[in-house]
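Data from run-v4.cif: mmCIF, C-alpha atoms
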```cif
data_input
loop_
_atom_site.label_atom_id
_atom_site.label_comp_id
_atom_site.auth_asym_id
_atom_site.auth_seq_id
_atom_site.Cartn_x
_atom_site.Cartn_y
_atom_site.Cartn_z
CA MET U 6 201.84 146.51 73.19
CA LYS U 7 199.01 147.34 70.81
CA ARG U 8 201.54 148.34 68.18
CA ILE U 9 203.46 145.04 68.52
CA LYS U 10 200.24 143.03 68.14
CA ARG U 11 199.38 145.00 65.01
CA ILE U 12 202.87 144.39 63.54
CA ILE U 13 202.65 140.67 64.36
CA ALA U 14 199.17 140.49 62.76
CA ILE U 15 200.47 142.23 59.59
CA VAL U 16 203.51 139.91 59.41
CA VAL U 17 201.28 136.84 59.84
CA LEU U 18 198.87 138.14 57.19
CA ILE U 19 201.66 138.87 54.67
CA SER U 20 203.30 135.51 55.38
CA SER U 21 199.98 133.71 54.87
CA ILE U 22 199.39 135.51 51.58
CA LEU U 23 202.88 134.67 50.34
CA LEU U 24 202.60 131.05 51.45
CA LEU U 25 199.21 130.57 49.78
CA SER U 26 200.28 132.28 46.57
CA SER U 27 203.38 130.08 46.36
CA CYS U 28 201.16 126.99 46.68
CA LEU U 29 198.97 128.29 43.88
CA GLU U 30 202.02 128.95 41.73
CA GLY U 31 203.27 125.42 42.42
CA ASN U 32 199.94 123.98 41.31
CA LYS U 33 200.00 126.24 38.27
CA ILE U 34 203.45 124.96 37.33
CA MET U 35 202.31 121.35 37.78
CA ARG U 36 199.26 122.04 35.57
CA ILE U 37 201.51 123.57 32.89
CA ILE U 38 203.81 120.52 32.98
CA SER U 39 200.82 118.20 32.85
CA PHE U 40 199.28 120.04 29.88
CA LYS U 41 202.60 119.99 28.04
CA ASN U 42 202.67 116.21 28.45
CA ASP U 43 199.04 116.03 27.30
CA ASP U 44 199.96 118.10 24.24
CA LYS U 45 202.82 115.73 23.42
CA ILE U 46 200.52 112.70 23.57
CA GLU U 47 197.87 114.48 21.53
CA ASN U 48 200.49 115.48 18.94
CA GLN U 49 201.89 111.93 18.72
CA VAL U 50 198.42 110.47 18.14
CA PHE U 51 197.71 112.95 15.35
CA ILE U 52 201.08 112.37 13.67
CA GLN U 53 200.35 108.63 13.63
CA ILE U 54 196.94 109.34 12.07
CA LYS U 55 198.50 111.69 9.51
CA ASP U 56 201.19 109.16 8.63
CA SER U 57 198.54 106.44 8.28
CA ILE U 58 196.63 108.64 5.84
CA LYS U 59 199.78 109.45 3.87
CA ASN U 60 200.83 105.79 3.65
CA ARG U 61 197.28 104.38 3.50
CA ASP U 62 198.31 102.06 6.31
CA ASN U 63 195.14 100.38 7.58
CA MET U 64 196.88 98.34 10.27
CA ALA U 65 198.76 101.34 11.69
CA LEU U 66 195.54 103.31 12.02
CA LYS U 67 193.47 100.41 13.34
CA SER U 68 196.12 99.63 15.99
CA GLN U 69 195.52 103.06 17.54
CA PHE U 70 191.85 102.37 18.23
CA SER U 71 190.68 101.19 21.63
CA ALA U 72 189.60 97.58 22.04
CA ARG U 73 186.04 98.78 22.63
CA ALA U 74 186.02 100.86 19.43
CA ILE U 75 187.36 97.91 17.43
CA SER U 76 184.67 95.61 18.83
CA ARG U 77 181.76 98.07 18.55
CA ALA U 78 182.52 99.92 15.31
CA GLU U 79 180.54 98.64 12.38
CA ASN U 80 183.18 97.17 10.01
CA LEU U 81 186.12 99.35 11.06
CA ASP U 82 188.30 98.04 8.21
CA ALA U 83 185.81 99.35 5.62
CA GLN U 84 185.50 102.63 7.56
CA ILE U 85 189.28 103.06 7.39
CA ASP U 86 189.28 102.49 3.61
CA ILE U 87 186.51 105.09 3.18
CA PHE U 88 188.44 107.47 5.47
CA PHE U 89 191.58 107.19 3.35
CA ASP U 90 189.59 107.62 0.11
CA PHE U 91 187.95 110.79 1.49
CA PHE U 92 191.26 112.65 1.48
CA GLU U 93 192.21 114.09 -1.90
CA GLY U 94 195.84 115.00 -2.59
CA GLU U 95 198.89 115.18 -0.37
CA ILE U 96 198.75 116.69 3.12
CA ILE U 97 200.64 119.99 3.03
CA SER U 98 199.71 121.44 6.43
CA TRP U 99 197.77 120.80 9.60
CA LYS U 100 197.06 122.59 12.86
CA VAL U 101 195.14 122.04 16.07
CA ASP U 102 192.00 124.16 15.92
CA GLY U 103 190.64 123.30 19.33
CA SER U 104 191.28 120.84 22.08
CA TYR U 105 189.68 119.57 25.25
CA VAL U 106 191.64 117.57 27.79
CA GLY U 107 189.49 115.92 30.41
CA LYS U 108 190.80 114.44 33.62
CA SER U 109 189.00 112.82 36.47
CA ASN U 110 190.09 111.10 39.60
CA LEU U 111 187.17 108.92 40.50
CA ILE U 112 187.01 106.92 43.70
CA GLU U 113 187.64 103.71 41.78
CA GLY U 114 190.13 105.04 39.24
CA LYS U 115 191.52 107.70 37.00
CA THR U 116 190.80 108.85 33.45
CA LYS U 117 192.49 111.20 30.99
CA GLU U 118 191.12 111.88 27.56
CA PHE U 119 191.30 114.46 24.85
CA VAL U 120 189.02 115.53 22.06
CA SER U 121 190.82 117.53 19.43
CA ILE U 122 189.81 119.36 16.29
CA TYR U 123 192.37 119.64 13.49
CA ILE U 124 192.40 121.59 10.26
CA ILE U 125 194.13 119.52 7.58
CA GLU U 126 195.02 121.03 4.23
CA THR U 127 195.97 118.98 1.21
CA ASP U 128 197.10 120.32 -2.13
CA LYS U 129 193.45 119.89 -3.26
CA ARG U 130 191.20 120.94 -0.34
CA LYS U 131 190.76 121.48 3.42
CA TYR U 132 189.26 119.16 6.03
CA ILE U 133 188.18 119.32 9.66
CA LEU U 134 189.06 116.27 11.73
CA LYS U 135 187.82 115.44 15.24
CA VAL U 136 189.62 112.79 17.31
CA ALA U 137 188.37 111.40 20.64
CA HIS U 138 191.07 109.48 22.53
CA PHE U 139 191.50 108.09 26.06
CA TYR U 140 195.09 107.65 27.12
CA ILE U 141 194.36 106.66 30.72
CA ASN U 142 191.24 104.89 31.94
CA THR U 143 191.75 102.64 34.93
CA ASN U 144 187.99 102.03 35.25
CA GLU U 145 187.50 100.87 31.66
CA PRO U 146 190.88 99.96 30.15
CA ASP U 147 189.23 98.76 26.93
CA LEU U 148 188.54 102.47 26.18
CA VAL U 149 192.24 103.40 26.04
CA GLY U 150 193.07 104.49 22.51
CA ILE U 151 191.13 106.29 19.81
CA ASN U 152 187.39 105.82 20.17
CA SER U 153 186.29 107.91 17.22
CA ILE U 154 187.55 109.90 14.28
CA GLN U 155 185.19 112.16 12.40
CA VAL U 156 186.08 114.13 9.29
CA ILE U 157 184.23 116.63 7.11
CA TYR U 158 185.14 119.09 4.39
CA SER U 159 186.03 122.50 5.78
CA GLU U 160 183.22 124.12 3.79
CA ASP U 161 180.80 122.16 6.01
CA GLU U 162 182.18 123.89 9.09
CA SER U 163 178.99 125.89 9.71
CA ARG U 164 177.07 122.61 10.13
CA MET U 165 179.88 120.93 12.06
CA LEU U 166 178.27 120.92 15.51
CA GLU U 167 175.03 119.39 14.30
CA LYS U 168 176.99 116.69 12.48
CA TRP U 169 179.39 115.58 15.23
CA HIS U 170 178.35 112.31 16.78
CA ASP U 171 177.99 111.95 20.52
CA ASP U 172 180.45 110.26 22.86
CA THR U 173 178.87 106.83 22.35
CA PHE U 174 179.97 106.67 18.70
CA TYR U 175 182.84 104.28 17.95
CA GLY U 176 184.77 104.14 14.69
CA ILE U 177 185.14 106.59 11.83
CA ALA U 178 182.49 108.90 10.40
CA VAL U 179 183.31 110.47 7.05
CA GLY U 180 181.70 113.49 5.40
CA TYR U 181 178.32 112.74 6.93
#
```

What's the C-alpha cells form of this structure?
Amino acid sequence: MKRIKRIIAIVVLISSILLLSSCLEGNKIMRIISFKNDDKIENQVFIQIKDSIKNRDNMALKSQFSARAISRAENLDAQIDIFFDFFEGEIISWKVDGSYVGKSNLIEGKTKEFVSIYIIETDKRKYILKVAHFYINTNEPDLVGINSIQVIYSEDESRMLEKWHDDTFYGIAVGY
C-alpha cells in the first residue's frame, strides 16, 4: 500500500511538471509569435522612414507621426526639412542596433510601443537614429504613430545617452 501511494505521488508529480512546462512552452511560443509581429511592424515603420529620406517626401514622413506629435512638435514641417538635409549621400545599409518593445494591459486599456535604435550608413557617413512609436494605445489614441525621431552622427555615439530626449519630446531632433 505504501509503495502504491509512492508510485501515485511520483506519477502525479511528473504529470504536474509536464503539464506546467507545456503551459510555459505555449506562452513562450505565443511570445515568439507576438515579437515576430512586433518586429514586422517595427521594420515597416523604419522602411517608410528610410524611403521618405531617400525620396525627400515630407508628407509621407509626416503622415507617420501621431496626432499628438503633429500638434505638439514645434514646426514639424521645418524639422522634417532639417532631418532630410542632415543626411549626406545615398543610404547604402541599415541595421537595428537595439530595440525595446513595451506592452501593458492597463485596467482601462492596452498599449504597445517600441523604441528602436538604427545604424544607417550612407556612401558619405554613418548615423544613429532613434524612433519612438506607439502602434496600439487604447487609452490615448492620439499617441498612435511616431512620437519622436532623433538622429546623430555615429561619431557622437559616446555622448548618445546624454543627448537623447526624454519620452515627453515630440517631433524630430537632429544632431543636437

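The gap separating CA of Ala74 in chain U from CA of Tyr132 in chain U is 22.9 Å, in Å to one decimal.
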
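Across U:Ala137, U:Ile125, U:Val156, U:Leu66, the tightest approach to Thr173 in chain U is made by U:Ala137 when counting all atoms listed in the file.
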
query = Pick the closest to Lys115 in chain U from U:Ile96, U:Pro146, U:Glu160, U:Ser68: which is it, counting only C-alpha atoms?
reply = U:Pro146

task = Report the residues retrieved by the PyMOL selection byres ((chain U and resi 149) around 6) from the displayed file, expressed as a PyMOL selection string.
result = chain U and resi 71+139-140+146-148+150

Distance table requested - range 78-144 of chain U against range 50-54 of chain U, cut-off 9 Å, only C-alpha atoms: one row per qualifying residue with the closest atom pair and its distance in Å to one decimal, ordered by chain and rising residue number, as CSV.
```
residue,atom,partner,partner_atom,distance
U:Tyr123,CA,U:Phe51,CA,8.8
U:Val136,CA,U:Phe51,CA,8.3
U:His138,CA,U:Val50,CA,8.6
```

Please export range 44-171 of chain U as an mmCIF file, in the first residue's frame, restricted to C-alpha atoms.
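The new file out-v2.cif reads:
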```cif
data_model
loop_
_atom_site.group_PDB
_atom_site.id
_atom_site.type_symbol
_atom_site.label_atom_id
_atom_site.label_comp_id
_atom_site.auth_asym_id
_atom_site.auth_seq_id
_atom_site.Cartn_x
_atom_site.Cartn_y
_atom_site.Cartn_z
ATOM 1 C CA ASP U 44 9.418 43.110 -35.485
ATOM 2 C CA LYS U 45 7.395 43.270 -38.704
ATOM 3 C CA ILE U 46 5.669 46.482 -37.607
ATOM 4 C CA GLU U 47 8.957 47.980 -36.448
ATOM 5 C CA ASN U 48 10.590 47.053 -39.771
ATOM 6 C CA GLN U 49 7.714 48.539 -41.804
ATOM 7 C CA VAL U 50 7.912 51.832 -39.902
ATOM 8 C CA PHE U 51 11.654 52.081 -40.497
ATOM 9 C CA ILE U 52 11.354 51.242 -44.203
ATOM 10 C CA GLN U 53 8.792 54.043 -44.566
ATOM 11 C CA ILE U 54 11.186 56.434 -42.794
ATOM 12 C CA LYS U 55 14.094 55.286 -44.981
ATOM 13 C CA ASP U 56 12.027 55.680 -48.155
ATOM 14 C CA SER U 57 10.929 59.150 -47.022
ATOM 15 C CA ILE U 58 14.576 60.139 -46.568
ATOM 16 C CA LYS U 59 15.540 58.707 -49.951
ATOM 17 C CA ASN U 60 12.677 60.469 -51.754
ATOM 18 C CA ARG U 61 12.672 63.571 -49.506
ATOM 19 C CA ASP U 62 8.947 63.006 -49.109
ATOM 20 C CA ASN U 63 7.768 65.342 -46.346
ATOM 21 C CA MET U 64 4.134 64.242 -46.475
ATOM 22 C CA ALA U 65 4.992 60.527 -46.308
ATOM 23 C CA LEU U 66 7.117 61.071 -43.213
ATOM 24 C CA LYS U 67 4.697 63.481 -41.536
ATOM 25 C CA SER U 68 1.790 61.064 -42.076
ATOM 26 C CA GLN U 69 3.540 58.511 -39.860
ATOM 27 C CA PHE U 70 3.587 60.818 -36.841
ATOM 28 C CA SER U 71 0.940 60.582 -34.151
ATOM 29 C CA ALA U 72 -1.705 63.281 -33.943
ATOM 30 C CA ARG U 73 -0.220 64.392 -30.623
ATOM 31 C CA ALA U 74 3.288 64.684 -32.081
ATOM 32 C CA ILE U 75 1.967 66.716 -35.018
ATOM 33 C CA SER U 76 0.116 69.084 -32.689
ATOM 34 C CA ARG U 77 2.899 69.437 -30.088
ATOM 35 C CA ALA U 78 6.058 69.428 -32.213
ATOM 36 C CA GLU U 79 7.436 72.869 -32.830
ATOM 37 C CA ASN U 80 7.092 73.368 -36.625
ATOM 38 C CA LEU U 81 7.279 69.709 -37.669
ATOM 39 C CA ASP U 82 7.473 70.630 -41.374
ATOM 40 C CA ALA U 83 10.698 72.586 -40.784
ATOM 41 C CA GLN U 84 12.032 69.762 -38.572
ATOM 42 C CA ILE U 85 11.441 67.295 -41.423
ATOM 43 C CA ASP U 86 13.339 69.522 -43.883
ATOM 44 C CA ILE U 87 16.270 69.781 -41.444
ATOM 45 C CA PHE U 88 16.127 65.996 -40.916
ATOM 46 C CA PHE U 89 16.374 65.326 -44.656
ATOM 47 C CA ASP U 90 19.216 67.856 -45.052
ATOM 48 C CA PHE U 91 21.162 66.189 -42.214
ATOM 49 C CA PHE U 92 21.662 63.022 -44.264
ATOM 50 C CA GLU U 93 24.554 63.224 -46.714
ATOM 51 C CA GLY U 94 24.682 60.805 -49.643
ATOM 52 C CA GLU U 95 22.641 57.751 -50.531
ATOM 53 C CA ILE U 96 21.652 55.167 -47.913
ATOM 54 C CA ILE U 97 23.659 52.007 -48.604
ATOM 55 C CA SER U 98 22.905 49.980 -45.468
ATOM 56 C CA TRP U 99 20.998 49.980 -42.213
ATOM 57 C CA LYS U 100 20.512 47.684 -39.240
ATOM 58 C CA VAL U 101 18.654 47.601 -35.959
ATOM 59 C CA ASP U 102 21.162 48.238 -33.191
ATOM 60 C CA GLY U 103 18.792 47.912 -30.272
ATOM 61 C CA SER U 104 15.110 47.706 -29.642
ATOM 62 C CA TYR U 105 12.641 47.896 -26.789
ATOM 63 C CA VAL U 106 9.077 46.710 -27.176
ATOM 64 C CA GLY U 107 6.811 47.744 -24.342
ATOM 65 C CA LYS U 108 3.395 46.291 -23.706
ATOM 66 C CA SER U 109 0.932 46.982 -20.983
ATOM 67 C CA ASN U 110 -2.567 45.856 -20.278
ATOM 68 C CA LEU U 111 -3.956 48.536 -18.050
ATOM 69 C CA ILE U 112 -7.365 48.298 -16.441
ATOM 70 C CA GLU U 113 -8.735 50.878 -18.861
ATOM 71 C CA GLY U 114 -6.857 49.801 -21.976
ATOM 72 C CA LYS U 115 -3.881 48.403 -23.764
ATOM 73 C CA THR U 116 -0.646 49.872 -25.139
ATOM 74 C CA LYS U 117 2.151 48.596 -27.363
ATOM 75 C CA GLU U 118 5.127 50.690 -28.282
ATOM 76 C CA PHE U 119 8.659 50.319 -29.477
ATOM 77 C CA VAL U 120 11.774 52.405 -29.219
ATOM 78 C CA SER U 121 14.398 51.362 -31.714
ATOM 79 C CA ILE U 122 17.947 52.384 -32.454
ATOM 80 C CA TYR U 123 19.192 52.045 -36.035
ATOM 81 C CA ILE U 124 22.617 52.404 -37.582
ATOM 82 C CA ILE U 125 22.261 53.978 -41.020
ATOM 83 C CA GLU U 126 25.193 54.158 -43.393
ATOM 84 C CA THR U 127 25.274 56.355 -46.459
ATOM 85 C CA ASP U 128 28.012 56.489 -49.042
ATOM 86 C CA LYS U 129 29.365 59.515 -47.102
ATOM 87 C CA ARG U 130 28.958 58.779 -43.360
ATOM 88 C CA LYS U 131 27.166 56.847 -40.584
ATOM 89 C CA TYR U 132 24.246 57.910 -38.411
ATOM 90 C CA ILE U 133 22.423 56.670 -35.326
ATOM 91 C CA LEU U 134 18.654 57.023 -35.435
ATOM 92 C CA LYS U 135 16.213 56.551 -32.545
ATOM 93 C CA VAL U 136 12.498 56.103 -33.248
ATOM 94 C CA ALA U 137 9.752 56.078 -30.590
ATOM 95 C CA HIS U 138 6.446 54.715 -31.909
ATOM 96 C CA PHE U 139 3.129 53.580 -30.392
ATOM 97 C CA TYR U 140 1.195 51.163 -32.537
ATOM 98 C CA ILE U 141 -1.551 50.446 -30.011
ATOM 99 C CA ASN U 142 -2.786 52.825 -27.338
ATOM 100 C CA THR U 143 -6.423 52.452 -26.415
ATOM 101 C CA ASN U 144 -6.075 54.943 -23.542
ATOM 102 C CA GLU U 145 -4.600 57.742 -25.657
ATOM 103 C CA PRO U 146 -5.253 57.016 -29.340
ATOM 104 C CA ASP U 147 -3.731 60.354 -30.371
ATOM 105 C CA LEU U 148 -0.329 58.826 -29.439
ATOM 106 C CA VAL U 149 -0.542 56.078 -32.081
ATOM 107 C CA GLY U 150 2.214 56.635 -34.615
ATOM 108 C CA ILE U 151 5.724 58.022 -34.396
ATOM 109 C CA ASN U 152 6.161 60.390 -31.479
ATOM 110 C CA SER U 153 9.815 61.208 -31.966
ATOM 111 C CA ILE U 154 12.762 60.650 -34.250
ATOM 112 C CA GLN U 155 16.228 61.599 -33.095
ATOM 113 C CA VAL U 156 19.361 61.364 -35.204
ATOM 114 C CA ILE U 157 23.046 61.993 -34.562
ATOM 115 C CA TYR U 158 26.303 61.251 -36.335
ATOM 116 C CA SER U 159 27.744 57.891 -35.340
ATOM 117 C CA GLU U 160 30.922 59.560 -34.072
ATOM 118 C CA ASP U 161 28.747 61.155 -31.351
ATOM 119 C CA GLU U 162 27.773 57.711 -30.077
ATOM 120 C CA SER U 163 29.732 58.075 -26.824
ATOM 121 C CA ARG U 164 27.553 61.078 -25.904
ATOM 122 C CA MET U 165 24.373 59.484 -27.225
ATOM 123 C CA LEU U 166 22.672 58.751 -23.897
ATOM 124 C CA GLU U 167 23.149 62.265 -22.575
ATOM 125 C CA LYS U 168 21.731 63.668 -25.809
ATOM 126 C CA TRP U 169 18.581 61.561 -26.182
ATOM 127 C CA HIS U 170 15.477 63.468 -25.228
ATOM 128 C CA ASP U 171 13.017 62.060 -22.736
#
```
